[in-house]
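Structure first, then comments.
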Amino acid sequence: MSFKTLGLSEPILRAISKKGYDTPSPIQAKAIPPVIEGKDVLASAQTGTGKTAGFTLPLLHFLSENPKPKYRDIRALILTPTRELAAQVHNNVKEYSEFLNIRSTVIFGGVNQKPQVARIKQGVDVLVATPGRLIDLENQRLLSLKHVEVFVLDEADRMLDMGFLRDIERVMKLMPDKRQNLMFSATFSKDIKKLAYSILNNPVQVEATPENTAVEVIQQKVHRVAKAKKTGLIIKLISEGNWQQVLVFTRTKHGANRLTKKMISAGITAAAIHGNKSQGARTKALAGFKNGSIRVLVATDIAARGLDIPLLPHVVNFELPNIAEDYVHRIGRTGRAGASGEAISLVSADEISYLRGIEKLINMKVDVEIIEGFEPDPNASTEPIKQGQNRNRNQGRNRNSNSRSSGGNKNASRNKNRNRRRNNNRS
């Protein structure tokens with residue numbers, strides 16, 4: 001199968017060819033035809049499968065084949081959970097619309113809104129946005145969604161994780177009832193399906209990979225280690241293995257900062273990326289990581305979602321996530337587009353229950369290795385870490401926060417969610 005057989009217009013095919021692509025990925029082959037037909041689509045695909053092109057290509061096809069030259073209203077809205085993902089999606093839109101009379105822009109928090117507003121005032125067909133900045137500008141009446149014809153909700157599962165459900169519902173009310181809706185998610189959980197039913201009309205459901213399946217080409221390994229020896233072990237692995245590009249996951253923002261400082265003290269160039277970092281710092285860190293001037297990028301889950309890092313060879317879970325699905329998202333940063341990759345997890349005694357949950361989800365036992373000098377503490381408690389316990393996914397828990405709570409009334413929950421969104425999407 002080639003892109004030509006999917007019904008895309010000639011200018012789009014030219015842009016695809018210029019990027020060196022000729023064969024669509026499974027998710028693209030399944031999603032593009034029903035989107036072109038104008039149907040609502042619910043699509044599931046893991047990271048690195050080309051899902052962004054799965055909605056941007058047919059979206060651009062529709063807009064170019066149905067031009068409205070008298071107006072430059074926002075005709076398509078793509079909503080994403082993070083700044084990095086928004087920027088990545090917009091880059092895709094620009095590349096694929098190179099030979100089309102289509103204007104696009106991206107808006108997100110953490111940067112001055114004036115340049116973004118100026119571009120919107122000039123007229124745009126496609127707007128890529130994060131929820132916080134989108135609602136901020138709409139509240140200021142600096143943009144209107146009254147003419148949106150296509151709405152795309154990208155990374156829907158992460159949207160729910162980050163507490164954006166209320167914002168999504170608010171955005172829905174700002175758009176016309178009659179429109180095409182596309183929803184992309186890494187998983188088809190019960191919460192995702194419930195959200196889909198509230199947004200989509202008789203959707204076509206497409207799935208490129210089995211639900212929650214880890215990428216098969218990734219070599220997964222666990223190092224059992226004492227909690228206090230984790231830093232020494234990861235420095236040893238990176239130094240002695242001469243790893244030049246490593247994405248490391250921590251559970252908290254402060255944990256990411258601490259580990260980064262210790263890496264630098266050990267002579268390893270490193271940078272942290274998380275919600276408390278300014279957009280400029282995050283962009284600089286990612287650029288350095290891509291060009292090789294930074295060997296190690298230490299990230300939290302939310303900040304890392306949507307990072308476009310091709311052919312990443314190493315992912316290290318410095319701390320296991322307490323949500324098993326997040327393990328799949330993390331290791332999916334490597335082994336992309338069929339390339340091989342390695343995912344290593346440093347597991348202390350209090351993370352054993354998390355490891356068992358992960359193994360149950362991916363339906364396999366991960367190989368365990370103990371390195372001499374970094375043995376696990378035989379006397380350490382195997383009770384799971386207290387952080388992040390008993391929090392419902394729908395309440396938008398922020399696994400990167402350092403202020404933890406397992407309860408509280410509804411008002412407290414709303415305040416927490418509001419703060420999380422402000423940290424991650426505004427400034």
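Labeling convention for the structure tokens: chains A, B, ... as they appear, residues from 1 per chain, ligands from 1 in order of appearance.
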
Produce a table with one row for each residue of segment 288-335 of chain A that has an atom at most 10 Å from any atom of segment 178-200 of chain A, each row naming the nearest atom pair and its distance in Å at one decimal; use only C-alpha atoms; arrange rows by chain and rising residue number; format as JSON lines.
{"residue": "A:Glu325", "atom": "CA", "partner": "A:Thr187", "partner_atom": "CA", "distance": 8.4}
{"residue": "A:Val328", "atom": "CA", "partner": "A:Ala186", "partner_atom": "CA", "distance": 9.4}
{"residue": "A:His329", "atom": "CA", "partner": "A:Ala186", "partner_atom": "CA", "distance": 8.0}

Selected residues written out, C-alpha atoms, as a PDB file, in the first residue's frame:
ATOM      1  CA  GLU A 325       0.375   1.898  31.647  1.00  0.00           C
ATOM      2  CA  VAL A 328       4.544   1.318  28.357  1.00  0.00           C
ATOM      3  CA  HIS A 329       4.496   5.011  27.440  1.00  0.00           C
TER       4      HIS A 329
END

**Request:** From the DSSP assignment of the backbone, select every residue of segment 327-373 of chain A that is strand (DSSP E or B), and format the answer as a PyMOL selection string.
**Result:** chain A and resi 341-347+367-369

Selection above as a file: N, CA, C and O atoms, as a PDB file, in the first residue's frame:
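As a result, again_23.pdb now contains:
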ATOM      1  N   GLY A 341      15.947  -0.942  20.726  1.00  0.00           N
ATOM      2  CA  GLY A 341      16.176  -0.039  21.838  1.00  0.00           C
ATOM      3  C   GLY A 341      16.274  -0.812  23.126  1.00  0.00           C
ATOM      4  O   GLY A 341      15.926  -1.994  23.194  1.00  0.00           O
ATOM      5  N   GLU A 342      16.744  -0.142  24.168  1.00  0.00           N
ATOM      6  CA  GLU A 342      16.934  -0.786  25.463  1.00  0.00           C
ATOM      7  C   GLU A 342      16.233   0.013  26.543  1.00  0.00           C
ATOM      8  O   GLU A 342      16.378   1.239  26.622  1.00  0.00           O
ATOM      9  N   ALA A 343      15.453  -0.678  27.366  1.00  0.00           N
ATOM     10  CA  ALA A 343      14.766  -0.041  28.489  1.00  0.00           C
ATOM     11  C   ALA A 343      15.186  -0.731  29.776  1.00  0.00           C
ATOM     12  O   ALA A 343      14.980  -1.929  29.948  1.00  0.00           O
ATOM     13  N   ILE A 344      15.795   0.039  30.676  1.00  0.00           N
ATOM     14  CA  ILE A 344      16.303  -0.504  31.932  1.00  0.00           C
ATOM     15  C   ILE A 344      15.566   0.154  33.093  1.00  0.00           C
ATOM     16  O   ILE A 344      15.356   1.374  33.102  1.00  0.00           O
ATOM     17  N   SER A 345      15.168  -0.645  34.063  1.00  0.00           N
ATOM     18  CA  SER A 345      14.475  -0.134  35.243  1.00  0.00           C
ATOM     19  C   SER A 345      15.277  -0.449  36.492  1.00  0.00           C
ATOM     20  O   SER A 345      15.692  -1.595  36.697  1.00  0.00           O
ATOM     21  N   LEU A 346      15.516   0.574  37.312  1.00  0.00           N
ATOM     22  CA  LEU A 346      16.192   0.391  38.593  1.00  0.00           C
ATOM     23  C   LEU A 346      15.107   0.229  39.654  1.00  0.00           C
ATOM     24  O   LEU A 346      14.358   1.170  39.938  1.00  0.00           O
ATOM     25  N   VAL A 347      15.022  -0.960  40.220  1.00  0.00           N
ATOM     26  CA  VAL A 347      13.894  -1.290  41.086  1.00  0.00           C
ATOM     27  C   VAL A 347      14.351  -1.563  42.516  1.00  0.00           C
ATOM     28  O   VAL A 347      15.129  -2.487  42.770  1.00  0.00           O
ATOM     29  N   ASP A 367      13.522  -9.651  32.574  1.00  0.00           N
ATOM     30  CA  ASP A 367      14.768 -10.219  33.087  1.00  0.00           C
ATOM     31  C   ASP A 367      15.335  -9.359  34.209  1.00  0.00           C
ATOM     32  O   ASP A 367      15.368  -8.126  34.107  1.00  0.00           O
ATOM     33  N   VAL A 368      15.776 -10.014  35.284  1.00  0.00           N
ATOM     34  CA  VAL A 368      16.323  -9.312  36.451  1.00  0.00           C
ATOM     35  C   VAL A 368      17.819  -9.579  36.559  1.00  0.00           C
ATOM     36  O   VAL A 368      18.271 -10.713  36.390  1.00  0.00           O
ATOM     37  N   GLU A 369      18.575  -8.514  36.855  1.00  0.00           N
ATOM     38  CA  GLU A 369      20.015  -8.639  37.027  1.00  0.00           C
ATOM     39  C   GLU A 369      20.438  -7.836  38.252  1.00  0.00           C
ATOM     40  O   GLU A 369      19.902  -6.747  38.498  1.00  0.00           O
TER      41      GLU A 369
END

**Item:** Pick from A:Ala118, A:Ala281, A:Ala129, A:Ile371 nearest to Lys236 of chain A, counting only C-alpha atoms
**Value:** A:Ile371

**Request:** Find the residues near Phe62 of chain A: any atom within 9 Å, counting only C-alpha atoms, skip ones fewer than 6 places away on the same chain, and give them as a list of chain:residue names.
**Result:**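 That gives A:Val35, A:Ile36, A:Gly38.
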
**Request:** Determine which residues of segment 56-177 of chain A receive a DSSP assignment of alpha helix (DSSP H), computed from the backbone, and state them as a PyMOL selection string.
**Result:** chain A and resi 56-65+83-96+114-121+131-139+156-161+165-173

**Prompt:** With only C-alpha atoms as the atoms that count, which of A:Thr300, A:Phe318, A:Lys360, A:Val126 lies nearest to Leu237 of chain A?
**Reply:**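 Closest to Leu237 of chain A, using only C-alpha atoms: A:Phe318.
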
**Request:** Choose the residue, out of A:Leu355, A:Ile120, A:Ile302, A:Ile27, that has the smallest atom-to-atom separation from Arg83 of chain A; count only C-alpha atoms.
**Result:**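 Closest residue, counting only C-alpha atoms: A:Ile302.
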
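The coordinates place atom CA of Glu319 of chain A at 12.7 Å from atom CA of Ser353 of chain A.
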
**Item:** Minimum-distance residue to Gln244 of chain A, chosen among A:Ala266, A:Ile294, A:Ala15, A:Val225 (using only C-alpha atoms)
**Value:**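 Comparing A:Ala266, A:Ile294, A:Ala15, A:Val225 against Gln244 of chain A, the winner is A:Ile294.
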
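In this structure, atom CA of Ser64 of chain A sits 28.5 Å away from atom CA of Glu169 of chain A.
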
**Request:** Would you kindly return, as a VMD selection string, each protein, DNA or RNA residue with an atom no farther than 8 Å from any atom of Asp125 of chain A, considering only C-alpha atoms and excluding same-chain residues fewer than 2 positions away?
**Result:** chain A and resid 72 to 76 102 to 104 123 127

**Complete:** Min atom-atom distance to Asp350 of chain A from the set A:Pro131, A:Pro384, A:Gly275, A:Pro176, counting only C-alpha atoms, belongs to A:Pro384

**Prompt:** Quick one: of A:Asp22, A:Ala226, A:His314, A:Gln88, who's nearest to Gly241 of chain A, counting only C-alpha atoms?
**Reply:** A:His314
